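First up is the structure itself, then whatever we jot down about it.
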Amino acid sequence: MLMLYFSGTGNSKWIAQLFSKKMGAICHSIEENQDFTALMAGYDTIAFCYPVYGSRVPRPMRDFMKKHQKSLRGKQLIIFCTQMAFSGDGARAFMDLLPKNHAHPIYAEHFPMPNNISNFPITPLATKKQTKKYLANAQKKMSRACKDIRCGKVRLRGFNLVSRASGLLQGAMWPFVERAFRRNVWVGRDCNGCGLCARVCPVNNFAISANKAKPLGNCALCYRCINHCPKKAICVFVPVRPKKQFRRN
């Protein structure tokens, strides 16, 4: 079994690696330098894991799917997504990236995880106690999911009509938000030009010029740069610098 994941700040990576450990699956980030076409050809069942953005699949995973759609023809799919709160049909939305009947979902699940949006006052970061509870619940849910998969039980979270309606309501504006906020990245005067943001950005949204990071108007809203900047000099989405940063190793 193969697990492929995109993780903005570590939550989805944690889930992907947890699944892979329990199921003995090979695990790769879609950002790795791999021949994914050849890799996927060797597996009948492929699992995907990603964070939900606005009840929709994040752009880096969508771009990956555009490139490798043909490689999933006839495959069985397991879909896991991480979310801050209820996302409706965040897992089902993955199937919108494929032609009808192109591949066959056999399991889908949502995992509530700690919030990574570190500069938005109405969505504070989780405390250590809250984080411990999130991870414990995710462990339990994953154990159940792995048991179901081994037994051949099909569970498709987010595929029913109520979830689809909720996802439609939550996700209807996301394409417009995503386009509108691509340029909403600010770099403060504390930036020392270390280049870490440029190295970790999944969509190459930064250039380093005159010892300062320069946003290039291509933000995917993954929040990786704002949570990694050693000077807390980067703002994303809204022009508010984070007091604390989210890290999930």
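Ordered as shown in the structure tokens, chains take letters A, B, and onward, while each chain numbers its residues from 1 and ligands are numbered from 1 in the order shown.
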Non-local contacts of stretch 65-67 of chain A (12 Å; only C-alpha atoms; under 4 positions in same chain excluded) as a list in words: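 Selected residues are Leu4, Tyr5, Phe6, Ile30, Asp35, Phe36, Thr37, Phe48, Val57, Pro58, Arg59, Pro60, Met61, Ser71, Leu72, Arg73, Phe94, Met95, Asp96, Leu97, Leu98 and Pro99 of chain A.
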Quick one: residues within 12 Å of A:Trp14, only C-alpha atoms counted, chain neighbours fewer than 2 positions away excluded, as a PDB file with C-alpha atoms, in the first residue's frame?
```pdb
ATOM      1  CA  TYR A   5       0.465  13.296   1.361  1.00  0.00           C
ATOM      2  CA  PHE A   6       0.641  17.064   1.280  1.00  0.00           C
ATOM      3  CA  SER A   7       1.072  18.762   4.645  1.00  0.00           C
ATOM      4  CA  GLY A   8       1.196  22.507   5.170  1.00  0.00           C
ATOM      5  CA  THR A   9       2.548  22.585   8.719  1.00  0.00           C
ATOM      6  CA  GLY A  10       2.677  18.971   9.840  1.00  0.00           C
ATOM      7  CA  ASN A  11      -0.804  17.781  10.831  1.00  0.00           C
ATOM      8  CA  SER A  12      -1.419  15.814   7.643  1.00  0.00           C
ATOM      9  CA  ALA A  16      -0.060   9.997   6.978  1.00  0.00           C
ATOM     10  CA  GLN A  17       2.873   8.597   8.927  1.00  0.00           C
ATOM     11  CA  LEU A  18       0.574   7.192  11.620  1.00  0.00           C
ATOM     12  CA  PHE A  19      -1.429   5.313   8.984  1.00  0.00           C
ATOM     13  CA  SER A  20       1.708   4.099   7.246  1.00  0.00           C
ATOM     14  CA  LYS A  21       3.182   2.783  10.491  1.00  0.00           C
ATOM     15  CA  CYS A  27       4.889   6.924   2.737  1.00  0.00           C
ATOM     16  CA  SER A  29       5.287  13.601   0.476  1.00  0.00           C
ATOM     17  CA  CYS A  49      -3.773  12.651   2.965  1.00  0.00           C
ATOM     18  CA  TYR A  50      -4.092  16.441   2.901  1.00  0.00           C
ATOM     19  CA  PRO A  51      -5.456  19.386   4.935  1.00  0.00           C
ATOM     20  CA  PHE A  80      -7.752  11.037   4.737  1.00  0.00           C
ATOM     21  CA  CYS A  81      -8.026  14.748   5.376  1.00  0.00           C
ATOM     22  CA  THR A  82      -7.216  16.904   8.373  1.00  0.00           C
ATOM     23  CA  PHE A 111      -9.395  13.950  11.340  1.00  0.00           C
ATOM     24  CA  MET A 113      -6.428  18.405  14.335  1.00  0.00           C
ATOM     25  CA  PRO A 114      -4.987  21.482  16.114  1.00  0.00           C
ATOM     26  CA  TYR A 134      -6.621  16.026  19.507  1.00  0.00           C
ATOM     27  CA  LEU A 135      -3.794  13.553  18.963  1.00  0.00           C
ATOM     28  CA  ALA A 138      -6.830  10.915  16.093  1.00  0.00           C
ATOM     29  CA  GLN A 139      -4.978   7.799  17.284  1.00  0.00           C
ATOM     30  CA  MET A 142      -6.945   5.839  12.937  1.00  0.00           C
ATOM     31  CA  ARG A 247       4.792  23.362  14.830  1.00  0.00           C
ATOM     32  CA  ARG A 248       3.954  19.709  14.306  1.00  0.00           C
ATOM     33  CA  ASN A 249       7.131  17.691  13.877  1.00  0.00           C
TER      34      ASN A 249
END
```
May I have all residues of stretch 91-231 of chain A that DSSP, computed from the backbone, assigns to helix (DSSP H, G or I), given as a compact mmCIF listing (two decimals) with all heavy atoms, in the first residue's frame?
```txt
# COMPACT_ATOMS: atom_id res chain seq x y z
N ARG A 92 -14.50 13.82 0.23
CA ARG A 92 -15.17 13.54 -1.05
C ARG A 92 -14.70 14.47 -2.15
O ARG A 92 -14.64 14.09 -3.34
CB ARG A 92 -16.69 13.67 -0.89
CG ARG A 92 -17.49 13.26 -2.13
CD ARG A 92 -18.72 14.10 -2.33
NE ARG A 92 -18.39 15.51 -2.48
CZ ARG A 92 -17.97 16.05 -3.61
NH1 ARG A 92 -17.78 15.32 -4.70
NH2 ARG A 92 -17.71 17.35 -3.66
N ALA A 93 -14.33 15.72 -1.79
CA ALA A 93 -13.90 16.70 -2.79
C ALA A 93 -12.71 16.21 -3.60
O ALA A 93 -12.49 16.66 -4.73
CB ALA A 93 -13.56 18.02 -2.09
N PHE A 94 -11.95 15.27 -3.04
CA PHE A 94 -10.81 14.71 -3.78
C PHE A 94 -11.27 14.04 -5.07
O PHE A 94 -10.58 14.10 -6.09
CB PHE A 94 -10.09 13.70 -2.89
CG PHE A 94 -8.82 13.15 -3.49
CD1 PHE A 94 -7.62 13.81 -3.33
CD2 PHE A 94 -8.82 11.96 -4.21
CE1 PHE A 94 -6.44 13.32 -3.87
CE2 PHE A 94 -7.66 11.44 -4.76
CZ PHE A 94 -6.46 12.13 -4.59
N MET A 95 -12.45 13.42 -5.04
CA MET A 95 -12.95 12.71 -6.21
C MET A 95 -13.34 13.66 -7.34
O MET A 95 -13.41 13.24 -8.50
CB MET A 95 -14.14 11.83 -5.83
CG MET A 95 -13.82 10.76 -4.80
SD MET A 95 -12.41 9.71 -5.26
CE MET A 95 -13.00 8.96 -6.78
N ASP A 96 -13.55 14.94 -7.02
CA ASP A 96 -13.83 15.93 -8.06
C ASP A 96 -12.62 16.18 -8.95
O ASP A 96 -12.75 16.77 -10.03
CB ASP A 96 -14.28 17.25 -7.44
CG ASP A 96 -15.65 17.16 -6.79
OD1 ASP A 96 -16.41 16.24 -7.15
OD2 ASP A 96 -15.95 18.00 -5.92
N LEU A 97 -11.44 15.75 -8.50
CA LEU A 97 -10.22 15.94 -9.26
C LEU A 97 -10.01 14.85 -10.30
O LEU A 97 -9.04 14.90 -11.07
CB LEU A 97 -9.01 15.98 -8.31
CG LEU A 97 -9.10 16.96 -7.14
CD1 LEU A 97 -7.84 16.85 -6.27
CD2 LEU A 97 -9.30 18.38 -7.62
N LYS A 128 -1.34 22.94 25.03
CA LYS A 128 -0.73 21.61 25.08
C LYS A 128 -1.75 20.55 25.48
O LYS A 128 -1.74 19.44 24.93
CB LYS A 128 0.43 21.63 26.08
CG LYS A 128 1.66 22.39 25.61
CD LYS A 128 2.79 22.27 26.61
CE LYS A 128 4.04 23.00 26.12
NZ LYS A 128 5.17 22.90 27.09
N LYS A 129 -2.63 20.90 26.40
CA LYS A 129 -3.65 19.96 26.83
C LYS A 129 -4.63 19.65 25.70
O LYS A 129 -5.00 18.49 25.48
CB LYS A 129 -4.41 20.53 28.04
CG LYS A 129 -5.45 19.60 28.62
CD LYS A 129 -6.11 20.20 29.85
CE LYS A 129 -7.16 19.26 30.44
NZ LYS A 129 -7.80 19.85 31.65
N GLN A 130 -5.05 20.69 24.97
CA GLN A 130 -5.96 20.49 23.85
C GLN A 130 -5.30 19.68 22.74
O GLN A 130 -5.92 18.80 22.14
CB GLN A 130 -6.42 21.85 23.32
CG GLN A 130 -7.35 22.59 24.25
CD GLN A 130 -7.58 24.04 23.81
OE1 GLN A 130 -6.72 24.66 23.17
NE2 GLN A 130 -8.73 24.58 24.17
N THR A 131 -4.03 19.99 22.47
CA THR A 131 -3.29 19.26 21.44
C THR A 131 -3.19 17.78 21.78
O THR A 131 -3.37 16.91 20.92
CB THR A 131 -1.89 19.86 21.26
OG1 THR A 131 -2.00 21.20 20.80
CG2 THR A 131 -1.07 19.05 20.27
N LYS A 132 -2.90 17.48 23.04
CA LYS A 132 -2.80 16.09 23.49
C LYS A 132 -4.12 15.36 23.25
O LYS A 132 -4.13 14.19 22.83
CB LYS A 132 -2.43 16.06 24.97
CG LYS A 132 -2.16 14.67 25.51
CD LYS A 132 -1.70 14.73 26.96
CE LYS A 132 -1.41 13.32 27.51
NZ LYS A 132 -0.97 13.39 28.93
N LYS A 133 -5.22 16.05 23.49
CA LYS A 133 -6.54 15.44 23.28
C LYS A 133 -6.80 15.20 21.79
O LYS A 133 -7.31 14.15 21.40
CB LYS A 133 -7.63 16.34 23.89
CG LYS A 133 -9.02 15.73 23.82
CD LYS A 133 -10.04 16.61 24.53
CE LYS A 133 -11.42 15.99 24.47
NZ LYS A 133 -12.43 16.85 25.17
N TYR A 134 -6.46 16.20 20.95
CA TYR A 134 -6.62 16.03 19.51
C TYR A 134 -5.87 14.78 19.03
O TYR A 134 -6.41 13.97 18.26
CB TYR A 134 -6.06 17.24 18.77
CG TYR A 134 -7.02 18.39 18.58
CD1 TYR A 134 -6.80 19.62 19.20
CD2 TYR A 134 -8.12 18.26 17.74
CE1 TYR A 134 -7.67 20.68 19.00
CE2 TYR A 134 -8.99 19.32 17.53
CZ TYR A 134 -8.75 20.55 18.16
OH TYR A 134 -9.62 21.60 17.97
N LEU A 135 -4.63 14.65 19.45
CA LEU A 135 -3.79 13.55 18.96
C LEU A 135 -4.27 12.21 19.49
O LEU A 135 -4.22 11.19 18.77
CB LEU A 135 -2.34 13.79 19.36
CG LEU A 135 -1.69 15.07 18.78
CD1 LEU A 135 -0.21 15.13 19.15
CD2 LEU A 135 -1.87 15.17 17.28
N ALA A 136 -4.74 12.19 20.72
CA ALA A 136 -5.27 10.94 21.28
C ALA A 136 -6.52 10.49 20.52
O ALA A 136 -6.67 9.30 20.20
CB ALA A 136 -5.59 11.13 22.77
N ASN A 137 -7.40 11.45 20.21
CA ASN A 137 -8.61 11.12 19.45
C ASN A 137 -8.26 10.67 18.03
O ASN A 137 -8.90 9.75 17.49
CB ASN A 137 -9.54 12.32 19.40
CG ASN A 137 -10.21 12.61 20.73
OD1 ASN A 137 -10.31 11.73 21.59
ND2 ASN A 137 -10.66 13.84 20.93
N ALA A 138 -7.25 11.31 17.44
CA ALA A 138 -6.83 10.92 16.09
C ALA A 138 -6.26 9.50 16.10
O ALA A 138 -6.49 8.72 15.16
CB ALA A 138 -5.80 11.90 15.57
N GLN A 139 -5.52 9.15 17.16
CA GLN A 139 -4.98 7.80 17.28
C GLN A 139 -6.11 6.77 17.31
O GLN A 139 -6.04 5.73 16.64
CB GLN A 139 -4.15 7.70 18.57
CG GLN A 139 -2.81 8.39 18.53
CD GLN A 139 -1.67 7.45 18.17
OE1 GLN A 139 -1.91 6.33 17.72
NE2 GLN A 139 -0.45 7.90 18.36
N LYS A 140 -7.14 7.06 18.09
CA LYS A 140 -8.27 6.14 18.20
C LYS A 140 -9.00 6.00 16.87
O LYS A 140 -9.35 4.89 16.44
CB LYS A 140 -9.24 6.63 19.27
CG LYS A 140 -8.70 6.57 20.69
CD LYS A 140 -9.71 7.14 21.68
CE LYS A 140 -9.16 7.13 23.10
NZ LYS A 140 -10.13 7.74 24.06
N LYS A 141 -9.23 7.13 16.22
CA LYS A 141 -9.93 7.10 14.93
C LYS A 141 -9.11 6.35 13.89
O LYS A 141 -9.66 5.58 13.08
CB LYS A 141 -10.24 8.52 14.47
CG LYS A 141 -11.04 8.57 13.17
CD LYS A 141 -11.47 9.99 12.82
CE LYS A 141 -12.66 10.43 13.64
NZ LYS A 141 -13.26 11.69 13.10
N MET A 142 -7.79 6.54 13.90
CA MET A 142 -6.95 5.84 12.94
C MET A 142 -6.92 4.34 13.20
O MET A 142 -6.92 3.54 12.26
CB MET A 142 -5.52 6.41 12.97
CG MET A 142 -4.58 5.75 11.96
SD MET A 142 -5.14 5.93 10.24
CE MET A 142 -4.69 7.65 9.94
N SER A 143 -6.89 3.95 14.45
CA SER A 143 -6.93 2.53 14.78
C SER A 143 -8.20 1.89 14.24
O SER A 143 -8.16 0.78 13.69
CB SER A 143 -6.83 2.32 16.30
OG SER A 143 -5.56 2.73 16.78
N ARG A 144 -9.30 2.58 14.39
CA ARG A 144 -10.56 2.05 13.87
C ARG A 144 -10.54 1.99 12.35
O ARG A 144 -10.99 1.01 11.74
CB ARG A 144 -11.73 2.93 14.32
CG ARG A 144 -13.10 2.41 13.89
CD ARG A 144 -14.20 3.36 14.28
NE ARG A 144 -14.12 4.59 13.53
CZ ARG A 144 -14.86 5.68 13.77
NH1 ARG A 144 -15.69 5.68 14.80
NH2 ARG A 144 -14.74 6.75 13.03
N ALA A 145 -9.99 3.04 11.72
CA ALA A 145 -9.92 3.06 10.26
C ALA A 145 -9.07 1.91 9.72
O ALA A 145 -9.46 1.24 8.76
CB ALA A 145 -9.35 4.40 9.79
N CYS A 146 -7.94 1.66 10.35
CA CYS A 146 -7.06 0.58 9.90
C CYS A 146 -7.73 -0.78 10.08
O CYS A 146 -7.59 -1.67 9.23
CB CYS A 146 -5.73 0.64 10.64
SG CYS A 146 -4.72 2.08 10.19
N LYS A 147 -8.44 -0.93 11.18
CA LYS A 147 -9.18 -2.18 11.42
C LYS A 147 -10.24 -2.37 10.34
O LYS A 147 -10.40 -3.48 9.80
CB LYS A 147 -9.83 -2.15 12.81
CG LYS A 147 -10.59 -3.41 13.15
CD LYS A 147 -11.19 -3.32 14.56
CE LYS A 147 -11.98 -4.58 14.88
NZ LYS A 147 -12.58 -4.49 16.25
N ASP A 148 -10.97 -1.31 10.02
CA ASP A 148 -12.00 -1.38 8.98
C ASP A 148 -11.39 -1.77 7.64
O ASP A 148 -11.92 -2.62 6.91
CB ASP A 148 -12.70 -0.03 8.83
CG ASP A 148 -13.64 0.29 9.98
OD1 ASP A 148 -13.97 -0.62 10.76
OD2 ASP A 148 -14.03 1.47 10.10
N ILE A 149 -10.28 -1.13 7.30
CA ILE A 149 -9.63 -1.38 6.00
C ILE A 149 -9.15 -2.82 5.92
O ILE A 149 -9.32 -3.49 4.89
CB ILE A 149 -8.49 -0.38 5.78
CG1 ILE A 149 -9.05 1.04 5.60
CG2 ILE A 149 -7.65 -0.77 4.56
CD1 ILE A 149 -8.02 2.14 5.67
N ARG A 150 -8.56 -3.33 6.99
CA ARG A 150 -8.10 -4.72 6.99
C ARG A 150 -9.26 -5.70 6.82
O ARG A 150 -9.11 -6.76 6.21
CB ARG A 150 -7.36 -5.03 8.29
CG ARG A 150 -6.01 -4.34 8.44
CD ARG A 150 -5.26 -4.92 9.63
NE ARG A 150 -4.01 -4.20 9.87
CZ ARG A 150 -3.86 -3.26 10.78
NH1 ARG A 150 -4.89 -2.90 11.56
NH2 ARG A 150 -2.69 -2.65 10.94
N CYS A 151 -10.42 -5.32 7.36
CA CYS A 151 -11.60 -6.19 7.28
C CYS A 151 -12.41 -5.98 6.01
O CYS A 151 -13.43 -6.64 5.80
CB CYS A 151 -12.50 -5.97 8.50
SG CYS A 151 -11.76 -6.45 10.08
N LEU A 161 -25.37 13.05 1.33
CA LEU A 161 -25.97 14.28 0.81
C LEU A 161 -25.84 15.44 1.79
O LEU A 161 -25.62 16.58 1.37
CB LEU A 161 -27.44 14.03 0.47
CG LEU A 161 -27.71 13.12 -0.72
CD1 LEU A 161 -29.21 12.91 -0.91
CD2 LEU A 161 -27.11 13.71 -2.00
N VAL A 162 -25.98 15.17 3.09
CA VAL A 162 -25.88 16.24 4.08
C VAL A 162 -24.46 16.83 4.08
O VAL A 162 -24.27 18.05 4.09
CB VAL A 162 -26.23 15.72 5.49
CG1 VAL A 162 -25.97 16.80 6.54
CG2 VAL A 162 -27.69 15.29 5.54
N SER A 163 -23.46 15.95 4.06
CA SER A 163 -22.07 16.41 4.04
C SER A 163 -21.77 17.18 2.76
O SER A 163 -21.08 18.19 2.78
CB SER A 163 -21.12 15.21 4.16
OG SER A 163 -21.26 14.60 5.42
N ARG A 164 -22.29 16.70 1.64
CA ARG A 164 -22.05 17.38 0.37
C ARG A 164 -22.68 18.77 0.36
O ARG A 164 -22.08 19.72 -0.15
CB ARG A 164 -22.58 16.55 -0.79
CG ARG A 164 -21.84 15.24 -0.97
CD ARG A 164 -22.23 14.53 -2.25
NE ARG A 164 -21.74 15.27 -3.42
CZ ARG A 164 -21.73 14.77 -4.66
NH1 ARG A 164 -22.16 13.54 -4.87
NH2 ARG A 164 -21.28 15.48 -5.66
N ALA A 165 -23.87 18.88 0.95
CA ALA A 165 -24.53 20.19 1.02
C ALA A 165 -23.74 21.14 1.91
O ALA A 165 -23.55 22.32 1.58
CB ALA A 165 -25.96 20.02 1.54
N SER A 166 -23.26 20.61 3.05
CA SER A 166 -22.46 21.43 3.96
C SER A 166 -21.16 21.87 3.29
O SER A 166 -20.74 23.02 3.39
CB SER A 166 -22.16 20.65 5.23
OG SER A 166 -21.31 21.39 6.09
N GLY A 167 -20.52 20.95 2.59
CA GLY A 167 -19.28 21.28 1.90
C GLY A 167 -19.49 22.30 0.81
O GLY A 167 -18.65 23.18 0.59
N LEU A 168 -20.62 22.20 0.12
CA LEU A 168 -20.94 23.18 -0.93
C LEU A 168 -21.10 24.57 -0.34
O LEU A 168 -20.58 25.55 -0.89
CB LEU A 168 -22.21 22.76 -1.66
CG LEU A 168 -22.67 23.69 -2.79
CD1 LEU A 168 -21.63 23.75 -3.90
CD2 LEU A 168 -24.02 23.22 -3.35
N LEU A 169 -21.78 24.66 0.80
CA LEU A 169 -21.99 25.96 1.43
C LEU A 169 -20.67 26.55 1.92
O LEU A 169 -20.41 27.74 1.76
CB LEU A 169 -22.96 25.81 2.62
CG LEU A 169 -24.43 25.55 2.27
CD1 LEU A 169 -25.21 25.26 3.54
CD2 LEU A 169 -25.02 26.75 1.55
N GLN A 170 -19.83 25.70 2.51
CA GLN A 170 -18.56 26.18 3.04
C GLN A 170 -17.53 26.47 1.95
O GLN A 170 -16.72 27.38 2.07
CB GLN A 170 -17.97 25.14 4.01
CG GLN A 170 -18.79 24.92 5.26
CD GLN A 170 -18.14 23.90 6.17
OE1 GLN A 170 -17.08 24.14 6.72
NE2 GLN A 170 -18.76 22.75 6.35
N GLY A 171 -17.58 25.67 0.89
CA GLY A 171 -16.55 25.76 -0.13
C GLY A 171 -16.88 26.60 -1.34
O GLY A 171 -16.02 26.81 -2.20
N TRP A 174 -14.51 29.45 -1.75
CA TRP A 174 -13.08 29.21 -1.60
C TRP A 174 -12.28 29.52 -2.87
O TRP A 174 -11.20 30.12 -2.76
CB TRP A 174 -12.80 27.79 -1.15
CG TRP A 174 -11.34 27.56 -0.96
CD1 TRP A 174 -10.51 26.77 -1.70
CD2 TRP A 174 -10.50 28.19 0.02
NE1 TRP A 174 -9.22 26.85 -1.25
CE2 TRP A 174 -9.19 27.71 -0.19
CE3 TRP A 174 -10.74 29.09 1.06
CZ2 TRP A 174 -8.11 28.12 0.61
CZ3 TRP A 174 -9.66 29.50 1.84
CH2 TRP A 174 -8.37 29.01 1.61
N PRO A 175 -12.74 29.15 -4.06
CA PRO A 175 -11.94 29.50 -5.25
C PRO A 175 -11.68 31.00 -5.38
O PRO A 175 -10.59 31.41 -5.78
CB PRO A 175 -12.80 28.98 -6.41
CG PRO A 175 -13.61 27.88 -5.80
CD PRO A 175 -13.93 28.36 -4.42
N PHE A 176 -12.67 31.80 -4.99
CA PHE A 176 -12.51 33.26 -5.06
C PHE A 176 -11.56 33.74 -3.97
O PHE A 176 -10.71 34.61 -4.20
CB PHE A 176 -13.87 33.94 -4.93
CG PHE A 176 -14.88 33.49 -5.93
CD1 PHE A 176 -15.84 32.54 -5.61
CD2 PHE A 176 -14.86 33.98 -7.24
CE1 PHE A 176 -16.78 32.11 -6.54
CE2 PHE A 176 -15.78 33.56 -8.18
CZ PHE A 176 -16.74 32.62 -7.82
N VAL A 177 -11.70 33.17 -2.75
CA VAL A 177 -10.79 33.52 -1.64
C VAL A 177 -9.36 33.15 -2.01
O VAL A 177 -8.42 33.94 -1.81
CB VAL A 177 -11.22 32.80 -0.36
CG1 VAL A 177 -10.17 32.98 0.74
CG2 VAL A 177 -12.57 33.31 0.12
N GLU A 178 -9.18 31.97 -2.56
CA GLU A 178 -7.86 31.48 -2.91
C GLU A 178 -7.17 32.40 -3.91
O GLU A 178 -5.99 32.73 -3.76
CB GLU A 178 -7.98 30.07 -3.48
CG GLU A 178 -6.68 29.33 -3.60
CD GLU A 178 -6.90 27.91 -4.07
OE1 GLU A 178 -7.52 27.72 -5.14
OE2 GLU A 178 -6.45 26.99 -3.36
N ARG A 179 -7.92 32.85 -4.92
CA ARG A 179 -7.35 33.76 -5.92
C ARG A 179 -7.10 35.14 -5.34
O ARG A 179 -6.06 35.76 -5.58
CB ARG A 179 -8.27 33.85 -7.14
CG ARG A 179 -8.27 32.61 -8.01
CD ARG A 179 -8.91 32.88 -9.36
NE ARG A 179 -10.32 33.20 -9.24
CZ ARG A 179 -11.29 32.29 -9.29
NH1 ARG A 179 -11.00 31.01 -9.45
NH2 ARG A 179 -12.56 32.65 -9.19
N ALA A 180 -8.06 35.62 -4.55
CA ALA A 180 -7.97 36.98 -4.02
C ALA A 180 -6.81 37.14 -3.04
O ALA A 180 -6.21 38.22 -2.96
CB ALA A 180 -9.29 37.36 -3.33
N LEU A 196 14.76 30.80 4.71
CA LEU A 196 14.02 29.61 5.13
C LEU A 196 12.64 29.56 4.48
O LEU A 196 12.19 28.49 4.03
CB LEU A 196 13.89 29.57 6.65
CG LEU A 196 13.14 28.38 7.24
CD1 LEU A 196 13.81 27.06 6.85
CD2 LEU A 196 13.04 28.49 8.76
N CYS A 197 11.96 30.69 4.41
CA CYS A 197 10.63 30.73 3.79
C CYS A 197 10.67 30.26 2.35
O CYS A 197 9.80 29.51 1.89
CB CYS A 197 10.03 32.13 3.89
SG CYS A 197 11.05 33.44 3.18
N ALA A 198 11.70 30.69 1.62
CA ALA A 198 11.85 30.28 0.22
C ALA A 198 12.10 28.78 0.10
O ALA A 198 11.62 28.13 -0.83
CB ALA A 198 12.97 31.07 -0.45
N ARG A 199 12.84 28.24 1.04
CA ARG A 199 13.17 26.81 0.99
C ARG A 199 11.98 25.92 1.33
O ARG A 199 11.84 24.83 0.77
CB ARG A 199 14.35 26.50 1.92
CG ARG A 199 15.66 27.13 1.48
CD ARG A 199 16.85 26.55 2.23
NE ARG A 199 16.82 26.82 3.66
CZ ARG A 199 17.31 27.91 4.22
NH1 ARG A 199 17.85 28.86 3.46
NH2 ARG A 199 17.27 28.10 5.53
N VAL A 200 11.12 26.38 2.24
CA VAL A 200 10.03 25.51 2.67
C VAL A 200 8.73 25.73 1.91
O VAL A 200 7.84 24.88 1.96
CB VAL A 200 9.76 25.66 4.20
CG1 VAL A 200 11.01 25.36 5.00
CG2 VAL A 200 9.21 27.05 4.53
N ARG A 224 2.86 27.66 6.11
CA ARG A 224 4.17 27.09 6.45
C ARG A 224 5.20 28.18 6.74
O ARG A 224 5.95 28.09 7.71
CB ARG A 224 4.65 26.17 5.33
CG ARG A 224 5.82 25.29 5.73
CD ARG A 224 6.28 24.43 4.56
NE ARG A 224 5.30 23.43 4.20
CZ ARG A 224 5.42 22.61 3.17
NH1 ARG A 224 6.48 22.70 2.38
NH2 ARG A 224 4.50 21.71 2.91
N CYS A 225 5.22 29.21 5.92
CA CYS A 225 6.23 30.26 6.09
C CYS A 225 6.04 31.03 7.40
O CYS A 225 7.01 31.27 8.13
CB CYS A 225 6.20 31.22 4.90
SG CYS A 225 4.63 32.10 4.66
N ILE A 226 4.81 31.38 7.70
CA ILE A 226 4.55 32.18 8.91
C ILE A 226 4.89 31.40 10.17
O ILE A 226 5.34 31.96 11.17
CB ILE A 226 3.07 32.67 8.93
CG1 ILE A 226 2.85 33.68 10.04
CG2 ILE A 226 2.10 31.53 9.08
CD1 ILE A 226 1.47 34.34 10.00
N ASN A 227 4.72 30.08 10.11
CA ASN A 227 4.99 29.25 11.29
C ASN A 227 6.45 28.79 11.38
O ASN A 227 6.84 28.23 12.40
CB ASN A 227 4.05 28.04 11.29
CG ASN A 227 2.64 28.42 11.68
OD1 ASN A 227 2.43 29.12 12.66
ND2 ASN A 227 1.66 27.98 10.92
N HIS A 228 7.24 29.03 10.34
CA HIS A 228 8.65 28.66 10.36
C HIS A 228 9.60 29.84 10.50
O HIS A 228 10.75 29.66 10.90
CB HIS A 228 9.02 27.88 9.09
CG HIS A 228 8.66 26.43 9.13
ND1 HIS A 228 7.36 25.98 8.98
CD2 HIS A 228 9.41 25.32 9.32
CE1 HIS A 228 7.34 24.67 9.05
NE2 HIS A 228 8.56 24.24 9.28
```
message: Neighbouring residues of A:Ala233 were defined as those with any atom within 8 Å, considering only C-alpha atoms; residues of the same chain fewer than 6 positions away were excluded. Please report them as an NGL selection string.
response: :A and (187-191 or 226 or 241)
Spatial neighbours of A:Phe206, max dist 7 Å, only C-alpha atoms, sep filter under 2 positions, as an MDAnalysis selection string: chainID A and resid 197:198 204 208 213:216
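The spacing separating atom CA of A:Lys75 from atom CA of A:Val154 amounts to 15.1 Å.
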message: Env of A:Pro105: 8 Å cut, atoms = only C-alpha atoms, seq-sep filter 4 positions within chain, self excluded. Answer as JSON, numbers by chain.
response: {"A": [76, 77, 78, 79, 156]}
- request: Any chance you could list, as a ChimeraX atom specification, the residues in stretch 16-116 of chain A that come up strand (DSSP E) when DSSP is run on the backbone?
  value: /A:26-29,45-51,76-83,104-112
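Residue nearest A:Cys194, chosen from A:Cys229, A:Met173, A:Leu125, A:Ala41 and counting only C-alpha atoms: A:Cys229.
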